[in-house]
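Engineer: Before anything else, here's the structure in question.
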Amino acid sequence: MTVIAQPVVPTRNIATAGRGRRKATIKRWLPQMILLPSTGAIITFVYLFILFTLWVSLSKWTSLRLDLALKEPLFASYTQMFAMPRWHADLRNVTVFTALFLSIALGLGLFLAVLLDRRLIGHNLFRSVFLFPYALSFIVTGIAWRWIFNPEAGVNLLFQAFGLNQLLSAAGIPPLEPGWITDPAILIPVNNLLGTIFPAARELETQLGIPVALVPVVIAACWQLTGFAMAMYIAGLCAIPNELREAARIDGASEIQIYFLVIFPQLNPVTLSLVIILGHMSLKIFDLVFAMTGPGPGFATDMPGIFVFEQTFKSLRYNLGAAASTVMLLAVAAIIIPYFWMNFRRSK
Amino acid sequence: MRSKRAFLLNNLVAFACCLTFCSPTLSQAGDKGQVEIFSWWTSGGEASALEALFKVFRDQNSGVEVVNAAIAGGTGSAALPVLQTRLVGGDPPDTWQSHPGWELFARYIDPGYCQPITDLYKSENWRSVVPNSLLDQITRNGDIYAVLAGIHRGNVLWYNKKLLDKHGIKIGDKISFEEFFAAADKLKAAGVTPLAVGDSGIWASGDILENTILAKIGPQGWMDLFSGKLAWNDSRVRESIQIYGKLLDYQNRDHSALSWDQAIKAVIDARCAFSVMGDWSYGEFLKAKQIEKEDFGWVTFPGTENSFMVVADGFILAKNAPHTKETIAWLKAIGSKEGQLAFNKLKGSIPARTDMDRNEFGMYHQWSMRDFANSALVPSVFHGAAAPPAYLQSLSDAVSGFVVNRNVDSFIRTAAAAAKDNPTN
């Protein structure tokens, strides 16, 4: 941001030196002036509106007429929301989704990056192939994968076509017909386990665990974004000087040791960036889920984003929608602000 | 320096573009007058029905330009947010589509976005031809606010006649729950899925629930339930929710991945035998070249023979409508006999007036029109009429939960809390 003022050349006479100084002043302030409109716009349309949303979440606004009178007690909308079984399901889903999505996308991305970095045959082709899904919009991905995971269309027909079910029935095993996005079951329910620590968890109407219907959504999201993770890791791998590997080899490290002890630790900054970028995307996810499953069977795939949309625009509970948005903002802030803080300290 | 200048220039161009796009409709009203009509009728039959209505309007008012501001998306899922934004932003269309009842009251009338049209009903003499219980659904504080274009019926049970014949099941003029469950068991034993449901939009399952409740508490009980005189924990309501749960045991496994029309398709393709759906599904049968009473049949939902679950569509007059005169002419066209006939023949609904010639319509609609004139008309809750939007959202959420956990107590608790939070009087 700082502009280096041009040194005044000693041979110039006084008059030109004055012009030069004026020029320097303009040069110094020009960037600020150019930035001013967008800074003003950002302050208004981002930060003021965040404050406005915060206010709305405390207000009585539940009709098409703006009503900014504050609720009594102040946090009534939040209390109401945190008592809703649907919101419990949303929090469960977004946590499970983020955890599964991040670990699979990052793990697979790293794996593919290492493979491509080994210069296998056709690595140029595969690099593009893996990256292509990233160019699609979430809506397109969502609709395509909805059909793939429809129990009557998609993959189940493949099982049939490849004779998998005939094979199973010959072996006396019931046919494989997963319900995919229609399956309301919850894997690994933890209500009772949590209940030993927080007795309130036993009373929850929402089963905490991994909703089966969420798994196809995770697969679709990974399909779309693993390529992005891979590209980031390839960039990271390219930045690692070859001398490091050579040195490790001379020291007698095996190839596996080179990866786990030399290369991967060097990729930590890339991993951190990916966790931030993909993490905040997954906390805010709306379009993919909305197009693919909607709220899902028994809210098995409902997300805070869908909750905000339905509360605000379907039932006109602007205050509840704003409260959910505020919680989402806090969740995203919780992962982004430490990152900014770290960068800030490092650049200092 | 050059690049900086280019940068400035770019900024200016971008800014100018923003201004052009943000400025409210540059093409303001011409001299001849126009009317902007906002709806979510964009697909097949709906769009052509709307177009037919435009034609009637143009014939009656030559020279007035019709601006069709329709936005695609079933039940207004995409259109409503846009309408909301326009209303709050002070840029209302002249007229827009709304279900009668609470959707009309809570969304538009109470916040003051509509203008009463009671005088129009007087001058056109519509009060005598529109049933009173229907007028109640568009009347707020003594004033009438909407003109209804067409009436759909929600409590219809459709079936694949050939499939039922094959399994030796006969359906008479009406059907009881016992008969339905007997038939369903027989079909299930033969490997046919008895009930097709497509509840990717949860209202489709909600429609089954509302019909079941109506069957058990009757039309008067239904009105009492939503005016707060009958409690949700009434034993008959509880029983109906249990029956609803039992009905769900007979539904297709992939119900949550299907939309309502895909469920009807499953009946047409003989993958399922029955489907509970409003009569907008009639168009789906016709589209698939099915012949009434030969390929497919219908009967009122069990136990609701004397009721008509109304799912209606109306248009209102916006307060401070930019083109009030033209809009009133538009509302007149909708309410006229020609308008009602042109629209409903294509939309697959029936006219809101009782003085129409029934012979103009097909077999199904004659049946529906006869019942419309003789049955108790009740407002549907899952189509926005019987309860305010927030009440409806809570009920929909409760249905989403119930479809999976079948917890009757929890459902009743949520419904009762919603009734308490959203008083309807």
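Convention: chains lettered A, B, ... in structure tokens order; per-chain residue numbering from 1; ligands numbered from 1 as shown.
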Up to 7 Å from chain A, what residues of chain B turn up? Count only C-alpha atoms and give them as a list in words.
Structural biologist: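 My answer is Pro81, Gln84, Val88, Arg107, Pro111, Asp254, Ser256, Ala257, Pro389, Ala390, Gln393, Ser400, Gly401, Val403 and Val404 of chain B.
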Engineer: I need the residues of stretch 330-383 of chain B that end up classed as strand (DSSP E or B) by DSSP on the backbone, written out as a ChimeraX atom specification.
Structural biologist: /B:350,376-379
Engineer: Which neighbours of B:Ile37 fall inside 7 Å, counting only C-alpha atoms, when residues of the same chain fewer than 3 positions from it are skipped, and could you give them as a PyMOL selection string?
Structural biologist: chain B and resi 67-69+93-96
Engineer: Output the selection as a PDB file, in the first residue's frame - C-alpha atoms for each residue.
Structural biologist:
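What follows is the written file selection11.pdb:
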ATOM      1  CA  VAL B  67     -46.667  -7.071 -18.492  1.00  0.00           C
ATOM      2  CA  ASN B  68     -46.314 -10.690 -17.465  1.00  0.00           C
ATOM      3  CA  ALA B  69     -43.962 -10.713 -14.459  1.00  0.00           C
ATOM      4  CA  PRO B  93     -46.489  -4.912  -9.129  1.00  0.00           C
ATOM      5  CA  ASP B  94     -50.061  -3.842  -9.881  1.00  0.00           C
ATOM      6  CA  THR B  95     -51.461  -7.213  -8.956  1.00  0.00           C
ATOM      7  CA  TRP B  96     -50.136 -10.555  -7.844  1.00  0.00           C
TER       8      TRP B  96
END
Engineer: Could you give me, as a PyMOL selection string, the residues within 10 Å of A:Val114, counting only C-alpha atoms and dropping anything in the same chain fewer than 4 positions from it?
Structural biologist: chain A and resi 108-110+118-119+230+233-234+237+259+263
Engineer: Determine the nearest neighbour of A:His88 from the options A:Leu176, A:Ala76, A:Leu204, A:Leu136, counting only C-alpha atoms.
Structural biologist: A:Leu204
Engineer: With only C-alpha atoms as the counted atoms, please give the residues lying no more than 10 Å from stretch 192-195 of chain A, apart from itself and same-chain residues fewer than 5 positions off, as a list in words.
Structural biologist: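 The residues satisfying every condition are Ala200, Ala201, Arg202, Glu203, Leu204, Gln207 and Leu208 of chain A.
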Engineer: Among the residues of stretch 300-329 of chain A, find those DSSP assigns to alpha helix (DSSP H) from the backbone and print them as a PDB file with C-alpha atoms, in the first residue's frame.
Structural biologist:
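Output contents, as saved in states-v4.pdb:
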ATOM      1  CA  PRO A 304     -28.394 -23.583   8.547  1.00  0.00           C
ATOM      2  CA  GLY A 305     -28.454 -21.872   5.154  1.00  0.00           C
ATOM      3  CA  ILE A 306     -31.714 -23.604   4.207  1.00  0.00           C
ATOM      4  CA  PHE A 307     -33.096 -22.807   7.648  1.00  0.00           C
ATOM      5  CA  VAL A 308     -32.375 -19.098   7.116  1.00  0.00           C
ATOM      6  CA  PHE A 309     -34.012 -19.138   3.680  1.00  0.00           C
ATOM      7  CA  TYR A 318     -37.147 -12.307   9.707  1.00  0.00           C
ATOM      8  CA  ASN A 319     -35.890 -12.213  13.285  1.00  0.00           C
ATOM      9  CA  LEU A 320     -35.376 -15.975  13.414  1.00  0.00           C
ATOM     10  CA  GLY A 321     -33.667 -15.982  10.011  1.00  0.00           C
ATOM     11  CA  ALA A 322     -31.386 -13.178  11.143  1.00  0.00           C
ATOM     12  CA  ALA A 323     -30.586 -15.030  14.375  1.00  0.00           C
ATOM     13  CA  ALA A 324     -29.559 -18.120  12.399  1.00  0.00           C
ATOM     14  CA  SER A 325     -27.466 -15.944  10.055  1.00  0.00           C
ATOM     15  CA  THR A 326     -25.712 -14.416  13.036  1.00  0.00           C
ATOM     16  CA  VAL A 327     -24.848 -17.835  14.418  1.00  0.00           C
ATOM     17  CA  MET A 328     -23.510 -18.823  10.975  1.00  0.00           C
ATOM     18  CA  LEU A 329     -21.417 -15.657  10.854  1.00  0.00           C
TER      19      LEU A 329
END
Engineer: Please provide as a PDB file with all heavy atoms, in the first residue's frame all residues within 10 Å of B:Ile243, with the sequence filter that same-chain residues fewer than 5 positions apart are discarded (counting only C-alpha atoms).
Structural biologist:
ATOM      1  N   PHE B 177     -61.763 -45.774   5.339  1.00  0.00           N
ATOM      2  CA  PHE B 177     -60.386 -46.150   5.693  1.00  0.00           C
ATOM      3  C   PHE B 177     -60.224 -47.665   5.727  1.00  0.00           C
ATOM      4  O   PHE B 177     -59.208 -48.202   5.285  1.00  0.00           O
ATOM      5  CB  PHE B 177     -60.006 -45.550   7.049  1.00  0.00           C
ATOM      6  CG  PHE B 177     -59.586 -44.106   6.960  1.00  0.00           C
ATOM      7  CD1 PHE B 177     -60.298 -43.121   7.613  1.00  0.00           C
ATOM      8  CD2 PHE B 177     -58.470 -43.741   6.220  1.00  0.00           C
ATOM      9  CE1 PHE B 177     -59.908 -41.792   7.525  1.00  0.00           C
ATOM     10  CE2 PHE B 177     -58.070 -42.417   6.126  1.00  0.00           C
ATOM     11  CZ  PHE B 177     -58.801 -41.438   6.786  1.00  0.00           C
ATOM     12  N   LEU B 209     -51.937 -35.591   5.537  1.00  0.00           N
ATOM     13  CA  LEU B 209     -52.264 -35.376   6.945  1.00  0.00           C
ATOM     14  C   LEU B 209     -53.522 -34.527   7.077  1.00  0.00           C
ATOM     15  O   LEU B 209     -54.427 -34.848   7.843  1.00  0.00           O
ATOM     16  CB  LEU B 209     -51.092 -34.699   7.655  1.00  0.00           C
ATOM     17  CG  LEU B 209     -51.394 -34.218   9.071  1.00  0.00           C
ATOM     18  CD1 LEU B 209     -51.614 -35.407   9.995  1.00  0.00           C
ATOM     19  CD2 LEU B 209     -50.294 -33.335   9.609  1.00  0.00           C
ATOM     20  N   THR B 212     -56.605 -36.436   6.378  1.00  0.00           N
ATOM     21  CA  THR B 212     -56.913 -37.407   7.419  1.00  0.00           C
ATOM     22  C   THR B 212     -57.543 -36.722   8.630  1.00  0.00           C
ATOM     23  O   THR B 212     -58.514 -37.218   9.202  1.00  0.00           O
ATOM     24  CB  THR B 212     -55.638 -38.158   7.845  1.00  0.00           C
ATOM     25  OG1 THR B 212     -54.898 -38.490   6.688  1.00  0.00           O
ATOM     26  CG2 THR B 212     -55.980 -39.414   8.600  1.00  0.00           C
ATOM     27  N   ILE B 213     -56.988 -35.575   9.008  1.00  0.00           N
ATOM     28  CA  ILE B 213     -57.570 -34.847  10.142  1.00  0.00           C
ATOM     29  C   ILE B 213     -58.997 -34.427   9.806  1.00  0.00           C
ATOM     30  O   ILE B 213     -59.930 -34.620  10.597  1.00  0.00           O
ATOM     31  CB  ILE B 213     -56.716 -33.610  10.498  1.00  0.00           C
ATOM     32  CG1 ILE B 213     -55.317 -34.035  10.949  1.00  0.00           C
ATOM     33  CG2 ILE B 213     -57.381 -32.797  11.600  1.00  0.00           C
ATOM     34  CD1 ILE B 213     -54.389 -32.891  11.256  1.00  0.00           C
ATOM     35  N   LYS B 216     -61.556 -37.105  10.233  1.00  0.00           N
ATOM     36  CA  LYS B 216     -61.907 -37.501  11.598  1.00  0.00           C
ATOM     37  C   LYS B 216     -62.676 -36.422  12.348  1.00  0.00           C
ATOM     38  O   LYS B 216     -63.471 -36.730  13.227  1.00  0.00           O
ATOM     39  CB  LYS B 216     -60.631 -37.871  12.378  1.00  0.00           C
ATOM     40  CG  LYS B 216     -60.082 -39.234  12.011  1.00  0.00           C
ATOM     41  CD  LYS B 216     -61.018 -40.341  12.495  1.00  0.00           C
ATOM     42  CE  LYS B 216     -60.932 -41.521  11.542  1.00  0.00           C
ATOM     43  NZ  LYS B 216     -61.919 -42.575  11.836  1.00  0.00           N
ATOM     44  N   VAL B 237     -58.217 -35.782  16.898  1.00  0.00           N
ATOM     45  CA  VAL B 237     -57.041 -35.318  16.156  1.00  0.00           C
ATOM     46  C   VAL B 237     -55.907 -36.329  16.345  1.00  0.00           C
ATOM     47  O   VAL B 237     -55.228 -36.723  15.390  1.00  0.00           O
ATOM     48  CB  VAL B 237     -56.601 -33.913  16.633  1.00  0.00           C
ATOM     49  CG1 VAL B 237     -55.358 -33.477  15.903  1.00  0.00           C
ATOM     50  CG2 VAL B 237     -57.717 -32.908  16.429  1.00  0.00           C
ATOM     51  N   ARG B 238     -55.738 -36.763  17.607  1.00  0.00           N
ATOM     52  CA  ARG B 238     -54.683 -37.734  17.891  1.00  0.00           C
ATOM     53  C   ARG B 238     -54.886 -39.013  17.069  1.00  0.00           C
ATOM     54  O   ARG B 238     -53.955 -39.525  16.456  1.00  0.00           O
ATOM     55  CB  ARG B 238     -54.707 -38.068  19.393  1.00  0.00           C
ATOM     56  CG  ARG B 238     -53.668 -39.073  19.835  1.00  0.00           C
ATOM     57  CD  ARG B 238     -53.730 -39.267  21.331  1.00  0.00           C
ATOM     58  NE  ARG B 238     -53.288 -38.073  22.047  1.00  0.00           N
ATOM     59  CZ  ARG B 238     -52.013 -37.837  22.358  1.00  0.00           C
ATOM     60  NH1 ARG B 238     -51.089 -38.717  22.042  1.00  0.00           N
ATOM     61  NH2 ARG B 238     -51.666 -36.752  22.980  1.00  0.00           N
ATOM     62  N   LEU B 248     -48.700 -43.829   5.979  1.00  0.00           N
ATOM     63  CA  LEU B 248     -47.319 -43.665   5.523  1.00  0.00           C
ATOM     64  C   LEU B 248     -46.590 -45.013   5.429  1.00  0.00           C
ATOM     65  O   LEU B 248     -45.626 -45.152   4.686  1.00  0.00           O
ATOM     66  CB  LEU B 248     -46.546 -42.727   6.448  1.00  0.00           C
ATOM     67  CG  LEU B 248     -47.015 -41.277   6.498  1.00  0.00           C
ATOM     68  CD1 LEU B 248     -46.083 -40.439   7.349  1.00  0.00           C
ATOM     69  CD2 LEU B 248     -47.113 -40.685   5.105  1.00  0.00           C
ATOM     70  N   ASP B 249     -47.082 -46.001   6.195  1.00  0.00           N
ATOM     71  CA  ASP B 249     -46.459 -47.327   6.113  1.00  0.00           C
ATOM     72  C   ASP B 249     -46.639 -47.946   4.728  1.00  0.00           C
ATOM     73  O   ASP B 249     -45.938 -48.883   4.370  1.00  0.00           O
ATOM     74  CB  ASP B 249     -47.076 -48.270   7.151  1.00  0.00           C
ATOM     75  CG  ASP B 249     -46.678 -47.879   8.562  1.00  0.00           C
ATOM     76  OD1 ASP B 249     -45.652 -47.180   8.694  1.00  0.00           O
ATOM     77  OD2 ASP B 249     -47.387 -48.251   9.508  1.00  0.00           O
TER      78      ASP B 249
END
Engineer: At a cut-off of 10 Å, using only C-alpha atoms, what residues contact B:Ser275? Leave out same-chain residues fewer than 2 positions from it and give the result as a list of chain:residue names.
Structural biologist: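 Residues meeting the cut-off are B:Val156, B:Leu157, B:Trp158, B:Tyr159, B:Asn160, B:Pro194, B:Leu195, B:Ala196, B:Val197, B:Gly198, B:Ile208, B:Gln251, B:Trp260, B:Ala263, B:Ile264, B:Lys265, B:Ala266, B:Val267, B:Cys272, B:Ala273, B:Met277, B:Gly278, B:Ser281, B:Trp298, B:Phe301.
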Engineer: Could you jot down the atom CA of B:Met363 to atom CA of B:Leu341 separation for me, Å, one decimal place?
Structural biologist: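 Pair atom CA of B:Met363 / atom CA of B:Leu341 returns 15.5 Å.
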Engineer: Between atom CA of B:Glu103 and atom CA of B:Gly76, measure the distance and give it in Å to one decimal.
Structural biologist: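 We find that atom CA of B:Glu103 and atom CA of B:Gly76 lie 12.0 Å from each other.
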